[in-house]
file data33.pdb (PDB, C-alpha atoms)
ATOM      1  CA  MET E   2      39.341  50.287 -19.784
ATOM      2  CA  ALA E   3      40.294  52.638 -16.955
ATOM      3  CA  ASP E   4      36.687  53.702 -16.457
ATOM      4  CA  ALA E   5      35.441  50.287 -15.368
ATOM      5  CA  PRO E   6      37.236  50.141 -11.990
ATOM      6  CA  ARG E   7      36.315  53.749 -11.328
ATOM      7  CA  ASP E   8      32.653  53.018 -12.111
ATOM      8  CA  GLY E   9      32.763  49.952  -9.877
ATOM      9  CA  GLY E  10      34.348  51.970  -7.088
ATOM     10  CA  THR E  11      31.723  54.672  -7.493
ATOM     11  CA  ARG E  12      28.914  52.143  -7.279
ATOM     12  CA  PHE E  13      30.457  50.609  -4.174
ATOM     13  CA  ALA E  14      30.840  54.037  -2.556
ATOM     14  CA  HIS E  15      27.231  54.868  -3.416
ATOM     15  CA  ARG E  16      25.959  51.616  -1.888
ATOM     16  CA  LEU E  17      28.080  52.199   1.219
ATOM     17  CA  TRP E  18      26.778  55.743   1.625
ATOM     18  CA  ALA E  19      23.167  54.602   1.090
ATOM     19  CA  ALA E  20      23.452  51.876   3.753
ATOM     20  CA  ARG E  21      21.719  52.946   6.949
ATOM     21  CA  GLU E  22      24.282  51.039   9.006
ATOM     22  CA  PHE E  23      27.028  53.275   7.610
ATOM     23  CA  GLY E  24      25.265  56.350   8.963
ATOM     24  CA  VAL E  25      25.039  54.776  12.420
ATOM     25  CA  VAL E  26      28.745  53.910  12.332
ATOM     26  CA  VAL E  27      29.614  57.512  11.394
ATOM     27  CA  ALA E  28      27.416  58.899  14.193
ATOM     28  CA  LEU E  29      28.981  56.454  16.670
ATOM     29  CA  ALA E  30      32.518  57.364  15.595
ATOM     30  CA  LEU E  31      31.830  61.101  15.867
ATOM     31  CA  LEU E  32      30.271  60.675  19.304
ATOM     32  CA  VAL E  33      33.267  58.703  20.581
ATOM     33  CA  LEU E  34      35.684  61.224  19.043
ATOM     34  CA  VAL E  35      34.011  64.209  20.705
ATOM     35  CA  THR E  36      33.927  62.422  24.062
ATOM     36  CA  VAL E  37      37.564  61.319  23.861
ATOM     37  CA  LEU E  38      38.672  64.860  23.020
ATOM     38  CA  ASP E  39      36.958  66.055  26.194
ATOM     39  CA  ASN E  40      38.084  63.112  28.338
ATOM     40  CA  PRO E  41      40.765  60.775  26.905
ATOM     41  CA  ALA E  42      39.990  58.199  29.610
ATOM     42  CA  PHE E  43      36.802  57.372  27.694
ATOM     43  CA  ALA E  44      38.958  55.419  25.215
ATOM     44  CA  SER E  45      40.718  53.378  27.895
ATOM     45  CA  PRO E  46      40.432  49.575  27.631
ATOM     46  CA  GLN E  47      38.371  49.384  30.822
ATOM     47  CA  SER E  48      35.964  52.068  29.590
ATOM     48  CA  LEU E  49      35.496  50.277  26.280
ATOM     49  CA  ARG E  50      34.896  46.974  28.079
ATOM     50  CA  ASP E  51      32.263  48.631  30.249
ATOM     51  CA  LEU E  52      30.635  50.068  27.132
ATOM     52  CA  LEU E  53      30.446  46.666  25.431
ATOM     53  CA  LEU E  54      29.176  45.073  28.624
ATOM     54  CA  GLY E  55      26.464  47.714  28.960
ATOM     55  CA  ALA E  56      25.328  47.229  25.357
ATOM     56  CA  ALA E  57      25.313  43.411  25.299
ATOM     57  CA  ILE E  58      21.849  42.818  26.775
ATOM     58  CA  LEU E  59      20.276  45.594  24.701
ATOM     59  CA  VAL E  60      21.858  44.132  21.548
ATOM     60  CA  VAL E  61      20.336  40.690  22.201
ATOM     61  CA  LEU E  62      16.908  42.228  22.769
ATOM     62  CA  ALA E  63      17.215  44.453  19.675
ATOM     63  CA  VAL E  64      18.063  41.457  17.495
ATOM     64  CA  GLY E  65      14.908  39.659  18.641
ATOM     65  CA  GLN E  66      12.845  42.806  18.121
ATOM     66  CA  THR E  67      14.199  43.125  14.575
ATOM     67  CA  VAL E  68      12.938  39.661  13.653
ATOM     68  CA  VAL E  69       9.438  40.780  14.640
ATOM     69  CA  VAL E  70       9.557  44.315  13.242
ATOM     70  CA  VAL E  71      10.640  43.260   9.737
ATOM     71  CA  SER E  72       7.392  41.262   9.561
ATOM     72  CA  ARG E  73       5.440  44.511  10.227
ATOM     73  CA  ASN E  74       4.789  43.711  13.892
ATOM     74  CA  ILE E  75       6.194  44.816  17.228
ATOM     75  CA  ASP E  76       6.765  43.200  20.623
ATOM     76  CA  LEU E  77       6.392  45.521  23.606
ATOM     77  CA  SER E  78       6.537  42.681  26.136
ATOM     78  CA  VAL E  79      10.277  41.981  25.853
ATOM     79  CA  GLY E  80      11.101  43.879  29.066
ATOM     80  CA  ALA E  81       8.561  41.865  31.052
ATOM     81  CA  VAL E  82       9.822  38.604  29.502
ATOM     82  CA  LEU E  83      13.382  39.573  30.441
ATOM     83  CA  GLY E  84      12.278  40.270  34.032
ATOM     84  CA  LEU E  85      10.365  37.001  34.284
ATOM     85  CA  SER E  86      13.284  34.987  32.898
ATOM     86  CA  ALA E  87      15.796  36.778  35.122
ATOM     87  CA  PHE E  88      13.775  36.108  38.261
ATOM     88  CA  ALA E  89      13.236  32.481  37.223
ATOM     89  CA  THR E  90      16.993  32.122  36.722
ATOM     90  CA  GLY E  91      17.762  33.604  40.128
ATOM     91  CA  THR E  92      15.131  31.476  41.853
ATOM     92  CA  LEU E  93      16.380  28.279  40.191
ATOM     93  CA  LEU E  94      19.997  28.939  41.124
ATOM     94  CA  GLY E  95      19.027  29.998  44.642
ATOM     95  CA  SER E  96      17.119  26.779  45.280
ATOM     96  CA  ALA E  97      19.500  24.484  43.349
ATOM     97  CA  PRO E  98      22.981  26.100  43.282
ATOM     98  CA  GLY E  99      24.519  23.100  41.558
ATOM     99  CA  THR E 100      22.394  23.477  38.407
ATOM    100  CA  PRO E 101      24.661  23.505  35.317
ATOM    101  CA  THR E 102      24.855  26.884  33.579
ATOM    102  CA  ALA E 103      23.818  25.324  30.266
ATOM    103  CA  LEU E 104      20.595  24.046  31.852
ATOM    104  CA  VAL E 105      19.940  27.464  33.396
ATOM    105  CA  VAL E 106      20.300  29.069  29.964
ATOM    106  CA  LEU E 107      17.911  26.514  28.448
ATOM    107  CA  VAL E 108      15.329  27.205  31.157
ATOM    108  CA  GLY E 109      15.554  30.967  30.602
ATOM    109  CA  VAL E 110      15.377  30.668  26.815
ATOM    110  CA  GLY E 111      12.532  28.145  27.050
ATOM    111  CA  LEU E 112      10.497  30.377  29.348
ATOM    112  CA  GLY E 113      11.039  33.304  26.978
ATOM    113  CA  ALA E 114      10.063  31.174  23.971
ATOM    114  CA  LEU E 115       6.849  30.174  25.775
ATOM    115  CA  CYS E 116       5.967  33.828  26.338
ATOM    116  CA  GLY E 117       6.781  34.531  22.692
ATOM    117  CA  ALA E 118       4.531  31.665  21.637
ATOM    118  CA  VAL E 119       1.657  33.235  23.567
ATOM    119  CA  ASN E 120       2.234  36.523  21.752
ATOM    120  CA  GLY E 121       2.604  34.842  18.375
ATOM    121  CA  ALA E 122      -0.499  32.704  18.779
ATOM    122  CA  LEU E 123      -2.624  35.693  19.735
ATOM    123  CA  VAL E 124      -1.324  37.856  16.896
ATOM    124  CA  ALA E 125      -1.412  35.144  14.219
ATOM    125  CA  ALA E 126      -4.739  33.564  15.201
ATOM    126  CA  ALA E 127      -6.777  36.578  16.290
ATOM    127  CA  ARG E 128      -5.160  38.917  13.727
ATOM    128  CA  VAL E 129      -5.241  41.689  16.305
ATOM    129  CA  PRO E 130      -2.506  44.353  15.929
ATOM    130  CA  ALA E 131       0.658  43.233  17.689
ATOM    131  CA  LEU E 132       0.949  46.617  19.374
ATOM    132  CA  VAL E 133      -2.293  45.948  21.273
ATOM    133  CA  ILE E 134      -1.568  42.283  22.001
ATOM    134  CA  THR E 135       1.940  42.780  23.341
ATOM    135  CA  LEU E 136       0.967  45.835  25.352
ATOM    136  CA  GLY E 137      -1.538  43.577  27.104
ATOM    137  CA  THR E 138       0.862  40.659  27.558
ATOM    138  CA  LEU E 139       3.485  43.071  28.890
ATOM    139  CA  HIS E 140       1.222  43.708  31.878
ATOM    140  CA  VAL E 141       0.219  40.040  32.129
ATOM    141  CA  PHE E 142       3.823  38.786  32.214
ATOM    142  CA  ARG E 143       4.830  41.556  34.599
ATOM    143  CA  GLY E 144       1.867  40.665  36.828
ATOM    144  CA  VAL E 145       2.921  37.006  36.862
ATOM    145  CA  ASP E 146       6.430  38.101  37.805
ATOM    146  CA  HIS E 147       5.152  40.282  40.669
ATOM    147  CA  ARG E 148       2.856  37.507  41.885
ATOM    148  CA  TRP E 149       5.683  34.977  41.798
ATOM    149  CA  ALA E 150       8.150  37.290  43.511
ATOM    150  CA  GLY E 151       5.657  38.333  46.177
ATOM    151  CA  GLY E 152       7.918  41.177  47.224
ATOM    152  CA  ARG E 153      10.930  38.870  47.529
ATOM    153  CA  GLN E 154      14.361  39.697  46.156
ATOM    154  CA  VAL E 155      17.037  37.333  44.890
ATOM    155  CA  ASN E 156      20.485  38.486  46.001
ATOM    156  CA  ALA E 157      23.849  37.809  44.412
ATOM    157  CA  SER E 158      24.859  35.909  47.560
ATOM    158  CA  ASP E 159      22.108  33.377  46.790
ATOM    159  CA  MET E 160      23.622  32.440  43.417
ATOM    160  CA  PRO E 161      26.789  30.480  42.583
ATOM    161  CA  ARG E 162      29.926  32.510  41.933
ATOM    162  CA  ASP E 163      30.624  30.609  38.718
ATOM    163  CA  PHE E 164      27.360  31.853  37.247
ATOM    164  CA  LEU E 165      27.905  35.439  38.422
ATOM    165  CA  ARG E 166      31.401  35.350  36.954
ATOM    166  CA  LEU E 167      29.760  34.932  33.536
ATOM    167  CA  GLY E 168      28.593  38.541  33.814
ATOM    168  CA  THR E 169      32.039  39.983  34.503
ATOM    169  CA  SER E 170      34.629  37.668  32.930
ATOM    170  CA  THR E 171      36.417  38.428  29.665
ATOM    171  CA  VAL E 172      38.095  36.525  26.839
ATOM    172  CA  LEU E 173      41.141  38.326  25.421
ATOM    173  CA  GLY E 174      39.846  41.489  27.030
ATOM    174  CA  VAL E 175      36.335  41.207  25.533
ATOM    175  CA  PRO E 176      33.418  40.633  27.948
ATOM    176  CA  VAL E 177      31.808  37.212  27.641
ATOM    177  CA  LEU E 178      28.367  38.849  27.480
ATOM    178  CA  ALA E 179      29.515  40.895  24.470
ATOM    179  CA  ILE E 180      30.761  37.720  22.766
ATOM    180  CA  VAL E 181      27.380  36.077  23.345
ATOM    181  CA  ALA E 182      25.682  39.139  21.830
ATOM    182  CA  VAL E 183      27.920  39.001  18.742
ATOM    183  CA  VAL E 184      27.183  35.299  18.269
ATOM    184  CA  VAL E 185      23.433  36.031  18.466
ATOM    185  CA  VAL E 186      23.767  38.811  15.877
ATOM    186  CA  VAL E 187      25.739  36.652  13.451
ATOM    187  CA  VAL E 188      23.505  33.572  13.774
ATOM    188  CA  VAL E 189      20.197  35.440  13.453
ATOM    189  CA  GLY E 190      21.560  37.658  10.672
ATOM    190  CA  TYR E 191      22.668  34.590   8.719
ATOM    191  CA  CYS E 192      19.293  32.896   9.175
ATOM    192  CA  LEU E 193      17.357  35.954   8.019
ATOM    193  CA  ARG E 194      19.543  36.319   4.945
ATOM    194  CA  SER E 195      20.149  32.700   3.948
ATOM    195  CA  TYR E 196      17.025  30.741   4.879
ATOM    196  CA  ARG E 197      13.690  30.870   3.120
ATOM    197  CA  GLY E 198      11.773  31.505   6.339
ATOM    198  CA  GLY E 199      13.931  34.539   7.087
ATOM    199  CA  ARG E 200      13.520  36.030   3.628
ATOM    200  CA  GLU E 201       9.781  35.442   3.787
ATOM    201  CA  LEU E 202       9.562  37.627   6.905
ATOM    202  CA  TYR E 203      10.763  40.543   4.787
ATOM    203  CA  ALA E 204       8.184  39.703   2.118
ATOM    204  CA  ILE E 205       5.450  39.660   4.761
ATOM    205  CA  GLY E 206       6.598  43.008   6.111
ATOM    206  CA  SER E 207       6.685  44.555   2.641
ATOM    207  CA  GLU E 208       3.144  43.511   1.741
ATOM    208  CA  PRO E 209       1.249  40.932   3.861
ATOM    209  CA  ALA E 210      -1.617  40.508   1.375
ATOM    210  CA  ALA E 211       0.750  39.849  -1.523
ATOM    211  CA  ALA E 212       2.713  37.415   0.650
ATOM    212  CA  ARG E 213      -0.453  35.411   1.288
ATOM    213  CA  LEU E 214      -1.274  35.365  -2.418
ATOM    214  CA  ALA E 215       2.254  34.109  -3.105
ATOM    215  CA  GLY E 216       1.610  31.125  -0.842
ATOM    216  CA  ILE E 217       3.720  32.237   2.100
ATOM    217  CA  PRO E 218       2.371  30.842   5.408
ATOM    218  CA  VAL E 219       2.056  34.289   6.999
ATOM    219  CA  GLY E 220       0.553  33.117  10.288
ATOM    220  CA  ARG E 221       3.201  30.468  10.844
ATOM    221  CA  ARG E 222       6.077  32.801   9.989
ATOM    222  CA  VAL E 223       4.787  35.572  12.285
ATOM    223  CA  PHE E 224       4.290  33.030  15.080
ATOM    224  CA  THR E 225       7.899  31.853  14.644
ATOM    225  CA  ALA E 226       9.176  35.449  14.694
ATOM    226  CA  PHE E 227       7.516  36.059  18.069
ATOM    227  CA  VAL E 228       8.892  32.794  19.458
ATOM    228  CA  VAL E 229      12.421  33.807  18.409
ATOM    229  CA  CYS E 230      11.952  37.265  19.922
ATOM    230  CA  GLY E 231      10.696  35.741  23.173
ATOM    231  CA  ALA E 232      13.531  33.210  23.295
ATOM    232  CA  LEU E 233      16.127  35.968  22.889
ATOM    233  CA  ALA E 234      14.376  38.035  25.583
ATOM    234  CA  GLY E 235      14.643  34.949  27.810
ATOM    235  CA  LEU E 236      18.343  34.681  27.014
ATOM    236  CA  ALA E 237      18.712  38.387  27.833
ATOM    237  CA  GLY E 238      17.071  37.644  31.196
ATOM    238  CA  VAL E 239      19.725  35.025  31.971
ATOM    239  CA  LEU E 240      22.480  37.474  30.999
ATOM    240  CA  TYR E 241      20.820  40.149  33.137
ATOM    241  CA  ALA E 242      20.833  37.815  36.145
ATOM    242  CA  ALA E 243      24.514  36.994  35.599
ATOM    243  CA  ARG E 244      25.497  40.626  35.291
ATOM    244  CA  PHE E 245      23.506  42.248  38.102
ATOM    245  CA  GLY E 246      22.952  39.384  40.553
ATOM    246  CA  THR E 247      20.347  41.204  42.616
ATOM    247  CA  LEU E 248      16.897  40.595  41.110
ATOM    248  CA  ASP E 249      13.286  41.460  41.843
ATOM    249  CA  ALA E 250      10.019  41.796  39.928
ATOM    250  CA  THR E 251      10.999  45.182  38.475
ATOM    251  CA  ALA E 252      13.932  43.868  36.423
ATOM    252  CA  GLY E 253      13.782  45.111  32.837
ATOM    253  CA  THR E 254      11.035  47.671  33.463
ATOM    254  CA  GLY E 255      10.943  50.231  30.646
ATOM    255  CA  ILE E 256      13.678  48.634  28.572
ATOM    256  CA  GLU E 257      11.215  47.754  25.782
ATOM    257  CA  LEU E 258      11.233  51.388  24.619
ATOM    258  CA  GLN E 259      15.035  51.356  24.374
ATOM    259  CA  VAL E 260      14.839  48.118  22.391
ATOM    260  CA  VAL E 261      12.423  49.545  19.828
ATOM    261  CA  ALA E 262      14.518  52.719  19.630
ATOM    262  CA  ALA E 263      17.700  50.694  19.009
ATOM    263  CA  ALA E 264      16.080  48.800  16.138
ATOM    264  CA  VAL E 265      14.594  51.906  14.515
ATOM    265  CA  VAL E 266      17.737  54.009  14.910
ATOM    266  CA  GLY E 267      19.706  51.091  13.437
ATOM    267  CA  GLY E 268      17.719  51.273  10.212
ATOM    268  CA  VAL E 269      14.954  48.713  10.792
ATOM    269  CA  ALA E 270      11.837  50.175   9.167
ATOM    270  CA  ILE E 271       9.062  50.444  11.751
ATOM    271  CA  PHE E 272       6.581  49.645   8.947
ATOM    272  CA  GLY E 273       8.377  46.372   8.199
ATOM    273  CA  GLY E 274      10.064  44.909   5.154
ATOM    274  CA  SER E 275      13.599  46.272   5.560
ATOM    275  CA  GLY E 276      16.461  46.512   7.999
ATOM    276  CA  SER E 277      19.016  44.135   9.474
ATOM    277  CA  VAL E 278      20.048  42.778  12.845
ATOM    278  CA  TYR E 279      23.494  44.289  12.258
ATOM    279  CA  GLY E 280      21.968  47.756  12.086
ATOM    280  CA  ALA E 281      19.877  47.053  15.185
ATOM    281  CA  ALA E 282      23.008  45.960  17.073
ATOM    282  CA  LEU E 283      24.785  49.141  16.019
ATOM    283  CA  GLY E 284      21.734  51.134  17.113
ATOM    284  CA  ALA E 285      21.890  49.496  20.545
ATOM    285  CA  LEU E 286      25.604  50.287  20.796
ATOM    286  CA  LEU E 287      24.937  53.893  19.744
ATOM    287  CA  LEU E 288      22.229  54.387  22.381
ATOM    288  CA  THR E 289      24.458  52.884  25.075
ATOM    289  CA  THR E 290      27.334  55.118  23.996
ATOM    290  CA  ILE E 291      25.080  58.188  24.098
ATOM    291  CA  GLY E 292      24.219  57.464  27.715
ATOM    292  CA  SER E 293      27.871  56.990  28.682
ATOM    293  CA  SER E 294      29.117  59.960  26.662
ATOM    294  CA  LEU E 295      26.615  62.439  28.057
ATOM    295  CA  ALA E 296      27.613  61.409  31.576
ATOM    296  CA  VAL E 297      31.301  61.935  30.748
ATOM    297  CA  LEU E 298      30.536  65.282  29.083
ATOM    298  CA  ARG E 299      28.536  66.303  32.178
ATOM    299  CA  ILE E 300      25.374  66.949  30.191
ATOM    300  CA  ASP E 301      21.955  66.838  31.865
ATOM    301  CA  PRO E 302      20.390  63.327  31.530
ATOM    302  CA  PHE E 303      17.276  65.000  30.113
ATOM    303  CA  TRP E 304      19.161  65.575  26.879
ATOM    304  CA  GLN E 305      19.822  61.844  26.532
ATOM    305  CA  GLN E 306      16.091  61.268  26.123
ATOM    306  CA  ALA E 307      15.831  64.267  23.799
ATOM    307  CA  VAL E 308      18.682  62.990  21.601
ATOM    308  CA  VAL E 309      17.204  59.488  21.423
ATOM    309  CA  GLY E 310      13.805  60.930  20.496
ATOM    310  CA  ALA E 311      15.387  63.072  17.783
ATOM    311  CA  LEU E 312      17.223  60.021  16.404
ATOM    312  CA  ILE E 313      13.968  58.038  16.238
ATOM    313  CA  LEU E 314      12.193  60.855  14.401
ATOM    314  CA  ALA E 315      15.120  61.200  12.004
ATOM    315  CA  ALA E 316      15.173  57.445  11.355
ATOM    316  CA  ILE E 317      11.431  57.346  10.602
ATOM    317  CA  GLY E 318      11.806  60.383   8.348
ATOM    318  CA  ILE E 319      14.645  58.730   6.427
ATOM    319  CA  ASP E 320      12.593  55.527   6.057
ATOM    320  CA  ARG E 321       9.739  57.548   4.589
ATOM    321  CA  LEU E 322      12.063  59.411   2.236
ATOM    322  CA  LEU E 323      13.672  56.201   1.000
ATOM    323  CA  ALA E 324      10.230  54.627   0.454
ATOM    324  CA  LEU E 325       9.101  57.613  -1.619
ATOM    325  CA  ARG E 326      12.305  57.538  -3.691
ATOM    326  CA  ALA E 327      11.883  53.803  -4.321
ATOM    327  CA  ALA E 328       8.274  54.343  -5.406
ATOM    328  CA  ASP E 329       9.347  57.147  -7.760
ATOM    329  CA  ARG E 330      11.998  54.910  -9.322
ATOM    330  CA  LEU E 331       9.461  52.137  -9.860
ATOM    331  CA  ARG E 332       7.019  54.542 -11.498
ATOM    332  CA  GLY E 333       9.819  55.884 -13.686
ATOM    333  CA  ARG E 334      10.765  52.392 -14.845
ATOM    334  CA  SER E 335       7.131  51.531 -15.539
ATOM    335  CA  SER E 336       6.582  54.637 -17.657
ATOM    336  CA  HIS E 337       9.880  54.052 -19.458
ATOM    337  CA  GLY E 338       8.922  50.464 -20.202
ATOM    338  CA  ALA E 339       5.553  51.572 -21.528
TER     339      ALA E 339
END
call {"tool": "encode", "arguments": {"input": "data33.pdb", "output": "structure tokens"}}
result
Amino acid sequence: MADAPRDGGTRFAHRLWAAREFGVVVALALLVLVTVLDNPAFASPQSLRDLLLGAAILVVLAVGQTVVVVSRNIDLSVGAVLGLSAFATGTLLGSAPGTPTALVVLVGVGLGALCGAVNGALVAAARVPALVITLGTLHVFRGVDHRWAGGRQVNASDMPRDFLRLGTSTVLGVPVLAIVAVVVVVVVGYCLRSYRGGRELYAIGSEPAAARLAGIPVGRRVFTAFVVCGALAGLAGVLYAARFGTLDATAGTGIELQVVAAAVVGGVAIFGGSGSVYGAALGALLLTTIGSSLAVLRIDPFWQQAVVGALILAAIGIDRLLALRAADRLRGRSSHGA
């Protein structure tokens, strides 16, 4: 009788240890601990608020990237979509300062969803690797942004204070942008877990050919994944405009690599089929914390890139190891059944 609870506790502990998210949490906790021991001010309420504020936009982008990556695709255009949406937001508010914030958000999300639809249509219809398609659309969207901006810059003084306050205000000490990011994580995570379309994305990522044979509308699901990713990149553009105020055609340049890194480090398999938005959000928080911690510890910024690269390699290695172990277990069960 006494063995049952112990066995249940052991199984729970094993599942917790095997969860990739748990490893990210441990790494994050150790990083914060080391930094606080060197500089206790790192744990101050203001420092923690700044950390959450810095991670919020990356979290939103990483969630959208996860939706695409689990379907065995990738979207490298998210930085350009963010920049395009941010500049559109600034231009709209500069020309019509009285525009309601809700309408501004809808415009940014809609523009991002349109860009995502372009990506999704090209990938689903032409069946060209998403890496190639989105690398091309990255430059197309960025070119449109540069053409539209024409060297102009939108300044914070051109936008309403109420909108800019969105990027700095807090609720019970938590930045509003961080609350928005948490809501995005929870909503998308619930949809992926609880709705058929979300679960089918994992099936597509695990084995696209088998998914087609099972009757899953692969093209439609992949198209939807890119639209969601684009819409969240558009939302990130609105948040970017609210936080930084000053905008030009270079907004979001290079952030796509951080987004992919956040998803992979958070346990989203780059080959598709596994991972969660919760892990991706933790990965984004970990990468943001690394940048802040290394600055506090007075370590050369070069090592930030080196650490992130090492984390990506480790994450891919762990994914490969877990895949091999799963395959071995399946072969063992098959031989046992025979």
call {"tool": "atom_distance", "arguments": {"input": "data33.pdb", "atom1": "atom CA of E:Ala226", "atom2": "atom CA of E:Phe88"}}
result
24.0 Å
call {"tool": "residues_around", "arguments": {"input": "data33.pdb", "residues": "E:Thr138", "least_positions_apart": "5", "cutoff": "10 Å", "atoms": "only C-alpha atoms", "output": "mmCIF file with C-alpha atoms, in the coordinates of the input"}}
result
data_model
loop_
_atom_site.group_PDB
_atom_site.id
_atom_site.type_symbol
_atom_site.label_atom_id
_atom_site.label_comp_id
_atom_site.auth_asym_id
_atom_site.auth_seq_id
_atom_site.Cartn_x
_atom_site.Cartn_y
_atom_site.Cartn_z
ATOM 1 C CA ASP E 76 6.765 43.200 20.623
ATOM 2 C CA LEU E 77 6.392 45.521 23.606
ATOM 3 C CA SER E 78 6.537 42.681 26.136
ATOM 4 C CA VAL E 79 10.277 41.981 25.853
ATOM 5 C CA ALA E 81 8.561 41.865 31.052
ATOM 6 C CA VAL E 82 9.822 38.604 29.502
ATOM 7 C CA CYS E 116 5.967 33.828 26.338
ATOM 8 C CA GLY E 117 6.781 34.531 22.692
ATOM 9 C CA VAL E 119 1.657 33.235 23.567
ATOM 10 C CA ASN E 120 2.234 36.523 21.752
ATOM 11 C CA LEU E 123 -2.624 35.693 19.735
ATOM 12 C CA VAL E 133 -2.293 45.948 21.273
ATOM 13 C CA ARG E 143 4.830 41.556 34.599
ATOM 14 C CA GLY E 144 1.867 40.665 36.828
#
call {"tool": "closest_residue", "arguments": {"input": "data33.pdb", "among": "E:Val309, E:Leu298, E:Val141, E:Ala215", "to": "E:Leu38", "atoms": "all atoms listed in the file"}}
result
E:Leu298
call {"tool": "atom_distance", "arguments": {"input": "data33.pdb", "atom1": "atom CA of E:Phe303", "atom2": "atom CA of E:Asp51"}}
result
22.2 Å
call {"tool": "closest_residue", "arguments": {"input": "data33.pdb", "among": "E:Gly168, E:Gly111, E:Gly216, E:Gly24", "to": "E:Ala316", "atoms": "all atoms listed in the file"}}
result
E:Gly24
call {"tool": "closest_residue", "arguments": {"input": "data33.pdb", "among": "E:Ala179, E:Gly190, E:Gly95, E:Arg197", "to": "E:Phe164", "atoms": "all atoms listed in the file"}}
result
E:Gly95
call {"tool": "atom_distance", "arguments": {"input": "data33.pdb", "atom1": "atom CA of E:Gly91", "atom2": "atom CA of E:Ala262"}}
result
28.2 Å
call {"tool": "closest_residue", "arguments": {"input": "data33.pdb", "among": "E:Val172, E:Val26, E:Leu115, E:Ala210", "to": "E:Gly268", "atoms": "all atoms listed in the file"}}
result
E:Val26
